[in-house]
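Visitor: Supplied structure: target_18.tsv, TSV, C-alpha atoms.
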```tsv
chain	number	residue	atom	x	y	z
U	1	MET	CA	57.08	195.18	-51.50
U	2	LYS	CA	58.24	196.92	-54.68
U	3	ASN	CA	58.83	200.66	-55.00
U	4	ILE	CA	56.58	202.54	-57.45
U	5	CYS	CA	57.47	205.75	-59.25
U	6	CYS	CA	54.75	207.53	-61.22
U	7	ILE	CA	56.14	210.01	-63.77
U	8	GLY	CA	53.90	212.56	-65.46
U	9	HIS	CA	52.84	216.17	-65.76
U	10	ILE	CA	50.44	217.72	-63.27
U	11	THR	CA	48.01	219.70	-65.37
U	12	LEU	CA	45.62	222.58	-65.04
U	13	ASP	CA	42.21	221.06	-65.87
U	14	LYS	CA	38.95	222.71	-66.80
U	15	VAL	CA	36.27	220.02	-66.37
U	16	ILE	CA	32.83	220.56	-67.89
U	17	THR	CA	30.02	218.06	-67.25
U	18	PRO	CA	26.21	218.30	-67.36
U	19	ARG	CA	26.37	218.54	-63.55
U	20	PHE	CA	29.15	221.08	-62.96
U	21	GLU	CA	32.03	223.12	-64.35
U	22	ALA	CA	35.27	223.43	-62.38
U	23	HIS	CA	38.96	224.26	-62.57
U	24	MET	CA	41.20	221.77	-60.79
U	25	PRO	CA	44.64	220.15	-60.95
U	26	GLY	CA	44.75	217.00	-63.05
U	27	GLY	CA	46.81	214.59	-65.08
U	28	THR	CA	47.84	211.01	-64.38
U	29	ALA	CA	50.52	212.14	-61.93
U	30	PHE	CA	48.01	214.05	-59.79
U	31	TYR	CA	45.21	211.46	-59.85
U	32	PHE	CA	47.63	208.58	-59.24
U	33	ALA	CA	49.24	210.28	-56.24
U	34	LYS	CA	45.93	211.39	-54.74
U	35	ALA	CA	44.55	207.87	-55.10
U	36	LEU	CA	47.35	206.52	-52.90
U	37	LYS	CA	47.48	209.29	-50.29
U	38	ASN	CA	45.30	207.41	-47.77
U	39	PHE	CA	47.00	204.07	-48.48
U	40	ASP	CA	50.35	202.86	-47.18
U	41	HIS	CA	52.37	204.82	-49.74
U	42	THR	CA	55.76	203.72	-48.39
U	43	GLY	CA	58.06	203.39	-51.37
U	44	PHE	CA	55.94	205.60	-53.66
U	45	THR	CA	57.50	208.58	-55.42
U	46	LEU	CA	55.87	211.03	-57.80
U	47	VAL	CA	58.05	212.71	-60.42
U	48	THR	CA	56.39	215.62	-62.17
U	49	SER	CA	57.22	218.62	-64.32
U	50	LEU	CA	55.26	221.86	-64.18
U	51	GLY	CA	55.51	225.62	-64.24
U	52	GLU	CA	56.49	227.57	-61.14
U	53	SER	CA	52.96	229.00	-60.83
U	54	GLU	CA	51.55	225.51	-60.08
U	55	MET	CA	54.00	224.60	-57.30
U	56	GLY	CA	51.17	225.01	-54.79
U	57	VAL	CA	49.75	221.68	-55.98
U	58	VAL	CA	53.10	220.01	-55.27
U	59	GLU	CA	53.19	221.49	-51.77
U	60	GLU	CA	49.66	220.19	-51.15
U	61	LEU	CA	50.71	216.65	-52.13
U	62	ARG	CA	53.82	216.88	-49.98
U	63	SER	CA	51.71	218.02	-47.02
U	64	GLU	CA	49.70	214.80	-47.47
U	65	GLY	CA	52.86	212.73	-47.12
U	66	ILE	CA	53.54	212.10	-50.81
U	67	ASP	CA	57.21	212.13	-51.88
U	68	VAL	CA	57.30	214.50	-54.90
U	69	LYS	CA	60.29	215.31	-57.08
U	70	VAL	CA	59.93	218.23	-59.51
U	71	ILE	CA	61.64	218.79	-62.85
U	72	PRO	CA	61.16	222.48	-63.74
U	73	SER	CA	59.20	223.31	-66.90
U	74	ARG	CA	58.57	226.58	-68.68
U	75	LYS	CA	54.81	225.94	-68.65
U	76	SER	CA	52.25	223.53	-67.20
U	77	VAL	CA	49.90	221.46	-69.33
U	78	TYR	CA	46.42	223.02	-69.53
U	79	PHE	CA	43.58	220.68	-70.53
U	80	GLU	CA	39.89	221.31	-71.11
U	81	ASN	CA	37.82	218.11	-70.63
U	82	LYS	CA	34.17	218.25	-71.71
U	83	TYR	CA	31.75	215.39	-70.96
U	84	GLY	CA	28.21	214.71	-72.14
U	85	GLU	CA	25.66	212.51	-70.38
U	86	ASP	CA	27.74	209.47	-71.39
U	87	MET	CA	30.81	209.68	-69.13
U	88	ASN	CA	32.71	207.27	-71.42
U	89	ASN	CA	33.01	210.03	-74.05
U	90	ARG	CA	34.76	213.38	-73.79
U	91	THR	CA	36.19	216.09	-76.02
U	92	GLN	CA	39.49	217.74	-75.15
U	93	ARG	CA	41.43	220.89	-75.91
U	94	VAL	CA	45.02	221.67	-74.89
U	95	LEU	CA	45.63	225.32	-74.08
U	96	ALA	CA	49.32	224.97	-73.02
U	97	LYS	CA	52.05	222.28	-73.05
U	98	ALA	CA	54.88	221.44	-70.64
U	99	ASP	CA	58.41	220.32	-71.50
U	100	PRO	CA	58.80	216.56	-72.20
U	101	PHE	CA	60.54	214.09	-69.89
U	102	THR	CA	63.88	212.74	-71.11
U	103	ALA	CA	66.26	209.90	-70.25
U	104	GLU	CA	68.71	212.57	-69.07
U	105	ASN	CA	66.41	214.40	-66.65
U	106	LEU	CA	65.21	211.05	-65.23
U	107	ARG	CA	68.72	209.63	-64.93
U	108	ASP	CA	68.82	209.79	-61.11
U	109	ILE	CA	65.29	208.43	-60.60
U	110	ASN	CA	65.28	204.81	-59.39
U	111	ALA	CA	62.37	202.45	-58.65
U	112	ASP	CA	61.18	198.89	-59.20
U	113	ILE	CA	58.13	200.00	-61.20
U	114	TYR	CA	57.96	203.13	-63.38
U	115	HIS	CA	54.44	204.18	-64.37
U	116	LEU	CA	54.49	206.63	-67.28
U	117	GLY	CA	51.45	208.88	-67.17
U	118	THR	CA	51.46	209.99	-70.79
U	119	LEU	CA	49.17	212.92	-71.55
U	120	LEU	CA	50.51	213.90	-74.98
U	121	ALA	CA	52.46	212.00	-77.65
U	122	ASP	CA	55.80	213.68	-77.00
U	123	ASP	CA	55.86	213.34	-73.17
U	124	PHE	CA	58.18	210.28	-73.25
U	125	ASP	CA	60.15	209.31	-76.34
U	126	LEU	CA	61.34	205.78	-77.14
U	127	ASP	CA	64.84	206.38	-75.73
U	128	THR	CA	63.32	207.37	-72.38
U	129	ILE	CA	61.22	204.20	-72.27
U	130	LYS	CA	64.29	202.09	-73.07
U	131	ALA	CA	66.38	203.82	-70.39
U	132	LEU	CA	63.74	203.22	-67.71
U	133	ALA	CA	63.17	199.61	-68.84
U	134	ALA	CA	66.88	198.97	-68.26
U	135	LYS	CA	66.38	199.94	-64.59
U	136	GLY	CA	62.98	198.41	-63.76
U	137	THR	CA	59.47	197.46	-64.88
U	138	VAL	CA	57.79	200.01	-67.15
U	139	ALA	CA	54.01	200.50	-67.00
U	140	VAL	CA	52.32	202.79	-69.52
U	141	ASP	CA	48.87	204.30	-69.89
U	142	VAL	CA	48.82	204.56	-73.67
U	143	GLN	CA	46.26	207.39	-73.86
U	144	GLY	CA	48.79	210.18	-74.31
U	145	TYR	CA	50.62	208.47	-77.15
U	146	LEU	CA	47.39	208.61	-79.14
U	147	ARG	CA	46.91	212.36	-78.65
U	148	LYS	CA	48.46	214.93	-80.95
U	149	VAL	CA	47.81	218.64	-80.47
U	150	THR	CA	46.86	220.62	-83.58
U	151	GLY	CA	46.28	224.23	-82.61
U	152	GLU	CA	44.31	223.77	-79.39
U	153	ASP	CA	42.48	220.65	-80.52
U	154	VAL	CA	43.44	217.12	-79.51
U	155	VAL	CA	43.60	214.89	-82.58
U	156	HIS	CA	43.57	211.12	-82.03
U	157	VAL	CA	46.37	209.36	-83.88
U	158	ASP	CA	48.09	205.96	-83.81
U	159	TYR	CA	51.31	205.51	-81.80
U	160	ASP	CA	53.92	205.38	-84.55
U	161	LYS	CA	56.57	203.73	-82.34
U	162	LYS	CA	54.27	201.09	-80.87
U	163	ARG	CA	56.00	198.03	-82.35
U	164	GLU	CA	59.44	199.24	-81.22
U	165	ALA	CA	58.22	200.33	-77.77
U	166	MET	CA	56.10	197.35	-76.79
U	167	PRO	CA	59.00	194.96	-75.88
U	168	TYR	CA	60.15	197.56	-73.31
U	169	ILE	CA	56.65	198.08	-71.83
U	170	SER	CA	55.88	195.36	-69.29
U	171	ILE	CA	52.40	196.63	-68.34
U	172	LEU	CA	50.15	198.48	-70.80
U	173	LYS	CA	46.71	199.98	-70.13
U	174	ALA	CA	44.31	200.99	-72.90
U	175	ASN	CA	40.58	201.63	-73.10
U	176	GLU	CA	38.21	200.40	-75.84
U	177	LYS	CA	38.90	203.24	-78.26
U	178	GLU	CA	42.64	203.18	-77.66
U	179	MET	CA	42.95	199.43	-78.22
U	180	GLU	CA	41.09	199.80	-81.53
U	181	VAL	CA	43.44	202.56	-82.71
U	182	LEU	CA	46.48	200.49	-81.71
U	183	THR	CA	45.38	197.12	-83.09
U	184	GLY	CA	42.60	197.80	-85.60
U	185	THR	CA	40.15	195.48	-83.84
U	186	THR	CA	37.12	196.10	-81.60
U	187	ASP	CA	37.44	192.63	-80.05
U	188	PRO	CA	39.19	193.07	-76.66
U	189	ARG	CA	40.52	189.51	-76.54
U	190	ARG	CA	41.98	189.74	-80.01
U	191	ALA	CA	43.43	193.18	-79.24
U	192	ALA	CA	45.05	191.87	-76.04
U	193	LYS	CA	46.68	189.00	-77.92
U	194	ILE	CA	48.02	191.37	-80.59
U	195	LEU	CA	49.55	193.70	-77.98
U	196	SER	CA	50.99	190.73	-76.11
U	197	GLY	CA	52.43	189.39	-79.37
U	198	TRP	CA	54.28	192.68	-79.86
U	199	GLY	CA	56.12	192.08	-76.58
U	200	CYS	CA	53.98	193.52	-73.78
U	201	ARG	CA	53.87	191.20	-70.73
U	202	GLU	CA	50.65	192.39	-69.02
U	203	VAL	CA	47.85	193.92	-71.11
U	204	LEU	CA	45.08	195.76	-69.22
U	205	LEU	CA	42.03	196.76	-71.25
U	206	THR	CA	39.38	198.85	-69.52
U	207	LEU	CA	35.94	198.52	-71.09
U	208	GLY	CA	33.84	201.11	-69.23
U	209	ASP	CA	30.72	199.65	-67.63
U	210	LYS	CA	31.60	196.26	-69.16
U	211	GLY	CA	34.52	195.91	-66.76
U	212	SER	CA	38.10	195.17	-67.75
U	213	ILE	CA	40.31	192.29	-68.85
U	214	ILE	CA	43.90	191.46	-67.98
U	215	TYR	CA	45.86	189.27	-70.38
U	216	THR	CA	49.17	187.83	-69.25
U	217	GLU	CA	51.08	184.57	-69.64
U	218	GLY	CA	48.46	183.40	-72.16
U	219	VAL	CA	45.60	183.69	-69.64
U	220	PHE	CA	42.62	186.09	-69.58
U	221	HIS	CA	41.43	187.47	-66.24
U	222	GLU	CA	37.91	188.92	-66.42
U	223	ILE	CA	37.32	191.83	-64.03
U	224	PRO	CA	33.66	192.85	-63.62
U	225	ALA	CA	32.71	196.51	-63.22
U	226	LEU	CA	31.01	197.38	-59.94
U	227	PRO	CA	28.06	199.70	-60.72
U	228	PRO	CA	28.40	203.13	-59.04
U	229	ALA	CA	25.52	204.51	-57.00
U	230	ASP	CA	25.83	207.78	-58.97
U	231	LEU	CA	27.80	208.98	-62.00
U	232	VAL	CA	29.39	212.32	-61.11
U	233	ASP	CA	32.85	212.67	-62.64
U	234	ALA	CA	34.86	210.22	-64.78
U	235	THR	CA	38.00	212.36	-65.06
U	236	GLY	CA	41.02	210.39	-63.84
U	237	CYS	CA	39.23	207.04	-63.76
U	238	GLY	CA	41.90	205.27	-65.81
U	239	ASP	CA	44.62	206.75	-63.59
U	240	THR	CA	42.76	205.53	-60.52
U	241	TYR	CA	42.55	202.03	-62.03
U	242	MET	CA	46.30	201.95	-62.62
U	243	ALA	CA	47.03	203.26	-59.13
U	244	GLY	CA	44.98	200.47	-57.58
U	245	TYR	CA	46.35	197.79	-59.88
U	246	LEU	CA	50.03	198.66	-59.47
U	247	TYR	CA	49.60	199.21	-55.73
U	248	LYS	CA	48.24	195.69	-55.23
U	249	ARG	CA	50.69	194.06	-57.66
U	250	SER	CA	53.61	195.77	-55.91
U	251	ARG	CA	52.47	194.08	-52.72
U	252	GLY	CA	52.27	190.61	-54.24
U	253	ALA	CA	48.54	190.36	-55.04
U	254	SER	CA	47.33	188.21	-57.95
U	255	TYR	CA	46.24	189.66	-61.29
U	256	GLN	CA	42.57	188.98	-60.47
U	257	GLU	CA	42.78	190.48	-56.98
U	258	SER	CA	44.66	193.53	-58.26
U	259	GLY	CA	42.18	194.11	-61.11
U	260	THR	CA	39.18	193.76	-58.79
U	261	PHE	CA	40.69	196.22	-56.32
U	262	ALA	CA	41.39	198.68	-59.19
U	263	ALA	CA	37.82	198.35	-60.50
U	264	ALA	CA	36.36	199.01	-57.06
U	265	MET	CA	38.51	202.13	-56.71
U	266	CYS	CA	37.11	203.39	-60.03
U	267	THR	CA	33.54	202.85	-58.83
U	268	LEU	CA	34.15	204.94	-55.72
U	269	LYS	CA	35.93	207.61	-57.77
U	270	LEU	CA	33.05	207.88	-60.28
U	271	GLN	CA	30.65	208.74	-57.46
U	272	ASP	CA	32.43	211.94	-56.50
U	273	LYS	CA	34.04	215.01	-58.08
U	274	GLY	CA	37.82	215.10	-58.27
U	275	PRO	CA	40.38	212.41	-57.38
U	276	PHE	CA	39.74	209.21	-55.47
U	277	SER	CA	39.92	210.01	-51.76
U	278	GLY	CA	38.96	206.76	-50.05
U	279	THR	CA	40.88	204.25	-47.97
U	280	GLU	CA	41.85	200.62	-48.54
U	281	GLU	CA	39.06	199.64	-46.16
U	282	ASP	CA	36.52	201.58	-48.29
U	283	VAL	CA	37.62	199.63	-51.35
U	284	GLU	CA	37.59	196.26	-49.61
U	285	LYS	CA	34.16	196.98	-48.14
U	286	LEU	CA	32.74	197.72	-51.61
U	287	ILE	CA	34.23	194.46	-52.93
U	288	ARG	CA	32.77	192.47	-50.02
U	289	ASN	CA	29.33	194.04	-50.46
U	290	SER	CA	29.41	193.41	-54.19
U	291	LEU	CA	30.25	189.72	-53.67
U	292	LYS	CA	27.49	189.43	-51.08
U	293	ASN	CA	24.91	190.98	-53.42
U	294	SER	CA	25.90	188.72	-56.31
U	295	GLN	CA	25.37	185.52	-54.31
```
Kindly return the structure encoded in the file as C-alpha cells.
Guide:
Amino acid sequence: MKNICCIGHITLDKVITPRFEAHMPGGTAFYFAKALKNFDHTGFTLVTSLGESEMGVVEELRSEGIDVKVIPSRKSVYFENKYGEDMNNRTQRVLAKADPFTAENLRDINADIYHLGTLLADDFDLDTIKALAAKGTVAVDVQGYLRKVTGEDVVHVDYDKKREAMPYISILKANEKEMEVLTGTTDPRRAAKILSGWGCREVLLTLGDKGSIIYTEGVFHEIPALPPADLVDATGCGDTYMAGYLYKRSRGASYQESGTFAAAMCTLKLQDKGPFSGTEEDVEKLIRNSLKNSQ
C-alpha cells in the first residue's frame, strides 16, 4: 500500500443551485479528505493552508480520524459556485485568496503519492511540482491552473507552464473544457495522446455523463458513467473521482478497476448535497448493481 498526501486549500464555499443555496467548506483538500473518511485511510495525510478563523473545519476532519497538517495563511480562499439546471456548467467568483504552497513550506512533507488540489493558478508553482516529483509520484487536478482571478471574477486561461510541468506530473486529471483549453482539441482521445506526449504518464479525462477515459502506456481504458438516481449537487465531483482513483491505485488495483470505483463514487456524491459520505461497500454495491442491470 502506498501513502497518499493531498495538498490544497480548504475553502469557504457559497454554493447556489436551482435546488438550494448554502455556505459550506470546500476545495479539493476538503472533498478529497471527506471522501476517504469512511474508508481505510491508513497512510493518508491532508496538508492544507487556511486562515485561523477556519480551523474548526480542520478540527472536524481530525475528529473523523483524518491526519491533517496545517500551514498557516493570512486568509482562506472564498469561492462562490453557481450552477444552472445543467450541473456540468458553473460560474465562479473568488472573494478572497490564501497564500500559495511552496517547495520550502512543503519540505518536510513525505509521501509516495502527492495529489495537488489546485484551485487557482498560483497555488503551486513549477519549482514546487519539481521538488515534490523528486520525492514521489505527483498527481494534479489541472482545474486551478486554468483559473486566473481578475477582480472577483474567475477568468479561464491556458496553463502557461504546461509543457515544462507535464514531465513532472505522473497523473493528470482534466474535464472536457479543461482538456480543450490545454490541447486545443475537443476529441478526448486526441487530447489524451497530446498530454501523454508532453510527458504525463497517466491521463484521466472526465467527460460528465459520458463517463471518463484513462490513457496510459499507449492504452485507452473506457470508464462508463453510472447514472445517478437524482442530480442534487455536483460540487467536488472531480475531487471525489480523484480520491477514489488514487485510493484504489495506491492499493494495487488496475486502471479499469480504479476508474470504475472512482466513477461510482461520483454517482453517489451527485445524489446528495456536500461531500461524498459513503463507504467502500456502498461503492462496490453500486458497481455490482450496475453490472447486473447491464446484463
Visitor: Quick one: axis-aligned box around all listed atoms of segment 183-195 of chain U, 3 Å on every side, centre and edge lengths in Å to one decimal, written as lines of an AutoDock Vina configuration file.
Guide:
```
center_x = 43.3
center_y = 193.4
center_z = -80.8
size_x = 18.4
size_y = 14.8
size_z = 15.6
```
Visitor: Would you mind listing, for every residue of segment 168-275 of chain U within 12 Å of segment 16-27 of chain U, the two atoms forming the shortest contact and the distance between them in Å to one decimal, using all atoms listed in the file, sorted by chain and ascending residue number, as CSV?
Guide:
```
residue,atom,partner,partner_atom,distance
U:Asp230,CA,U:Arg19,CA,11.7
U:Leu231,CA,U:Arg19,CA,9.8
U:Val232,CA,U:Arg19,CA,7.3
U:Asp233,CA,U:Thr17,CA,7.6
U:Ala234,CA,U:Thr17,CA,9.5
U:Thr235,CA,U:Gly26,CA,8.4
U:Gly236,CA,U:Gly27,CA,7.3
U:Cys237,CA,U:Gly27,CA,10.8
U:Gly238,CA,U:Gly27,CA,10.6
U:Asp239,CA,U:Gly27,CA,8.3
U:Thr240,CA,U:Gly27,CA,10.9
U:Asp272,CA,U:Arg19,CA,11.4
U:Lys273,CA,U:Phe20,CA,9.2
U:Gly274,CA,U:Met24,CA,7.9
U:Pro275,CA,U:Gly26,CA,8.5
```
Visitor: With distances taken over all atoms listed in the file, which of U:Ile71, U:Leu106, U:Leu268, U:Cys6 is nearest to Asp141 of chain U?
Guide: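 The answer is U:Cys6, which sits nearest to Asp141 of chain U.
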Visitor: Between U:His9, U:Lys14, U:Lys97, U:Lys34, which is the closest to Val70 of chain U once you count only C-alpha atoms?
Guide: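 Going through U:His9, U:Lys14, U:Lys97, U:Lys34 one by one, the smallest distance to Val70 of chain U is for U:His9.
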Visitor: Considering all atoms listed in the file, return as a ChimeraX atom specification whatever protein or nucleic-acid residues lie within 10 Å of Gly218 of chain U, sequence-local ones (same chain, fewer than 4 positions apart) excluded.
Guide: /U:192-193,196,201-202
Visitor: Those residues with C-alpha atoms, as a CSV table (one decimal), in the frame of the given file please?
Guide:
```csv
chain,number,residue,atom,x,y,z
U,192,ALA,CA,45.0,191.9,-76.0
U,193,LYS,CA,46.7,189.0,-77.9
U,196,SER,CA,51.0,190.7,-76.1
U,201,ARG,CA,53.9,191.2,-70.7
U,202,GLU,CA,50.6,192.4,-69.0
```
Visitor: I'd like the neighbourhood of segment 210-212 of chain U as a ChimeraX atom specification, where a residue qualifies if any of its atoms comes within 8 Å (using only C-alpha atoms), though same-chain residues fewer than 2 positions away should be ignored.
Guide: /U:204-208,214,222-226,259,263
Visitor: What is the atom CA of Gly51 of chain U to atom CA of Tyr145 of chain U distance in Å?
Guide: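 Between atom CA of Gly51 of chain U and atom CA of Tyr145 of chain U the gap is 22.0 Å.
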Visitor: Restricting the calculation to all atoms listed in the file: of U:Thr186, U:Asn38, U:Asn81, U:Gln92, which residue gets closest to Val149 of chain U?
Guide: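 When distances to Val149 of chain U are compared using all atoms listed in the file, the smallest one comes from U:Gln92.
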Visitor: Taking all atoms listed in the file into account, which of U:Asp123, U:Leu36, U:Thr260, U:Phe30 comes nearest Glu280 of chain U?
Guide: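 Looking only at the distances to Glu280 of chain U, the closest residue turns out to be U:Leu36.
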Visitor: So the first atom is atom CA of Tyr159 of chain U and the second is atom CA of Glu178 of chain U; what is the distance between them in Å, to one decimal place?
Guide: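 Separating atom CA of Tyr159 of chain U from atom CA of Glu178 of chain U is a distance of 9.9 Å.
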Visitor: When you look at Thr91 of chain U with a cut-off of 9 Å (counting all atoms listed in the file), what residues show up, excluding the ones that are within fewer than 4 positions of it in the same chain? I need them as number ranges by chain.
Guide: U: 80-84, 153-154
Visitor: How far is it from atom CA of Asp127 of chain U to atom CA of Thr102 of chain U, in Å with one decimal?
Guide: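 Separating atom CA of Asp127 of chain U from atom CA of Thr102 of chain U is a distance of 7.9 Å.
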Visitor: For Lys130 of chain U, which of U:Phe276, U:Pro100, U:Glu152, U:Tyr168 is the closest residue, counting all atoms listed in the file?
Guide: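 Distance minimum relative to Lys130 of chain U lands on U:Tyr168.
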Visitor: For Leu120 of chain U, which residue out of U:Asp187, U:Glu52, U:Glu164, U:Asp99 is the nearest one, using all atoms listed in the file?
Guide: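 Among the listed residues, U:Asp99 lies closest to Leu120 of chain U.
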Visitor: Give me the residues within 12 Å of Asn293 of chain U as a PyMOL selection string, counting all atoms listed in the file and dropping any in the same chain fewer than 4 places off.
Guide: chain U and resi 226-227+286-289
Visitor: Please return segment 228-237 of chain U, rebuilt to all heavy atoms, as a PDB file, in the coordinates of the input.
Guide:
```pdb
ATOM      1  N   PRO U 228      28.395 202.050 -60.032  1.00  0.00           N
ATOM      2  CA  PRO U 228      28.400 203.130 -59.040  1.00  0.00           C
ATOM      3  C   PRO U 228      26.979 203.531 -58.653  1.00  0.00           C
ATOM      4  O   PRO U 228      26.038 203.364 -59.436  1.00  0.00           O
ATOM      5  CB  PRO U 228      29.098 204.278 -59.785  1.00  0.00           C
ATOM      6  CG  PRO U 228      28.825 204.005 -61.238  1.00  0.00           C
ATOM      7  CD  PRO U 228      28.761 202.515 -61.384  1.00  0.00           C
ATOM      8  N   ALA U 229      26.838 204.043 -57.447  1.00  0.00           N
ATOM      9  CA  ALA U 229      25.520 204.510 -57.000  1.00  0.00           C
ATOM     10  C   ALA U 229      25.110 205.760 -57.767  1.00  0.00           C
ATOM     11  O   ALA U 229      23.920 206.033 -57.948  1.00  0.00           O
ATOM     12  CB  ALA U 229      25.561 204.797 -55.496  1.00  0.00           C
ATOM     13  N   ASP U 230      26.096 206.545 -58.238  1.00  0.00           N
ATOM     14  CA  ASP U 230      25.830 207.780 -58.970  1.00  0.00           C
ATOM     15  C   ASP U 230      27.014 208.054 -59.891  1.00  0.00           C
ATOM     16  O   ASP U 230      28.155 207.723 -59.551  1.00  0.00           O
ATOM     17  CB  ASP U 230      25.644 208.943 -57.992  1.00  0.00           C
ATOM     18  CG  ASP U 230      25.029 210.172 -58.645  1.00  0.00           C
ATOM     19  OD1 ASP U 230      24.559 210.059 -59.795  1.00  0.00           O
ATOM     20  OD2 ASP U 230      25.021 211.236 -58.004  1.00  0.00           O
ATOM     21  N   LEU U 231      26.738 208.628 -61.060  1.00  0.00           N
ATOM     22  CA  LEU U 231      27.800 208.980 -62.000  1.00  0.00           C
ATOM     23  C   LEU U 231      28.031 210.477 -61.931  1.00  0.00           C
ATOM     24  O   LEU U 231      27.231 211.254 -62.440  1.00  0.00           O
ATOM     25  CB  LEU U 231      27.410 208.577 -63.432  1.00  0.00           C
ATOM     26  CG  LEU U 231      27.727 207.159 -63.894  1.00  0.00           C
ATOM     27  CD1 LEU U 231      27.143 206.927 -65.268  1.00  0.00           C
ATOM     28  CD2 LEU U 231      29.223 206.933 -63.940  1.00  0.00           C
ATOM     29  N   VAL U 232      29.129 210.887 -61.303  1.00  0.00           N
ATOM     30  CA  VAL U 232      29.390 212.320 -61.110  1.00  0.00           C
ATOM     31  C   VAL U 232      30.527 212.814 -61.986  1.00  0.00           C
ATOM     32  O   VAL U 232      30.379 213.793 -62.717  1.00  0.00           O
ATOM     33  CB  VAL U 232      29.679 212.621 -59.616  1.00  0.00           C
ATOM     34  CG1 VAL U 232      30.024 214.095 -59.422  1.00  0.00           C
ATOM     35  CG2 VAL U 232      28.481 212.243 -58.753  1.00  0.00           C
ATOM     36  N   ASP U 233      31.667 212.152 -61.944  1.00  0.00           N
ATOM     37  CA  ASP U 233      32.850 212.670 -62.640  1.00  0.00           C
ATOM     38  C   ASP U 233      33.776 211.504 -63.000  1.00  0.00           C
ATOM     39  O   ASP U 233      34.275 210.803 -62.133  1.00  0.00           O
ATOM     40  CB  ASP U 233      33.586 213.664 -61.717  1.00  0.00           C
ATOM     41  CG  ASP U 233      34.848 214.237 -62.341  1.00  0.00           C
ATOM     42  OD1 ASP U 233      35.021 214.105 -63.567  1.00  0.00           O
ATOM     43  OD2 ASP U 233      35.661 214.816 -61.599  1.00  0.00           O
ATOM     44  N   ALA U 234      34.019 211.327 -64.319  1.00  0.00           N
ATOM     45  CA  ALA U 234      34.860 210.220 -64.780  1.00  0.00           C
ATOM     46  C   ALA U 234      36.315 210.629 -64.984  1.00  0.00           C
ATOM     47  O   ALA U 234      37.158 209.787 -65.278  1.00  0.00           O
ATOM     48  CB  ALA U 234      34.301 209.656 -66.088  1.00  0.00           C
ATOM     49  N   THR U 235      36.629 211.916 -64.838  1.00  0.00           N
ATOM     50  CA  THR U 235      38.000 212.360 -65.060  1.00  0.00           C
ATOM     51  C   THR U 235      38.969 211.650 -64.111  1.00  0.00           C
ATOM     52  O   THR U 235      38.744 211.616 -62.900  1.00  0.00           O
ATOM     53  CB  THR U 235      38.112 213.888 -64.848  1.00  0.00           C
ATOM     54  OG1 THR U 235      37.168 214.549 -65.670  1.00  0.00           O
ATOM     55  CG2 THR U 235      39.510 214.371 -65.205  1.00  0.00           C
ATOM     56  N   GLY U 236      40.028 211.069 -64.665  1.00  0.00           N
ATOM     57  CA  GLY U 236      41.020 210.390 -63.840  1.00  0.00           C
ATOM     58  C   GLY U 236      40.689 208.959 -63.496  1.00  0.00           C
ATOM     59  O   GLY U 236      41.407 208.327 -62.705  1.00  0.00           O
ATOM     60  N   CYS U 237      39.633 208.409 -64.103  1.00  0.00           N
ATOM     61  CA  CYS U 237      39.230 207.040 -63.760  1.00  0.00           C
ATOM     62  C   CYS U 237      40.301 206.023 -64.170  1.00  0.00           C
ATOM     63  O   CYS U 237      40.620 205.103 -63.411  1.00  0.00           O
ATOM     64  CB  CYS U 237      37.906 206.712 -64.437  1.00  0.00           C
ATOM     65  SG  CYS U 237      36.771 205.877 -63.345  1.00  0.00           S
TER      66      CYS U 237
END
```
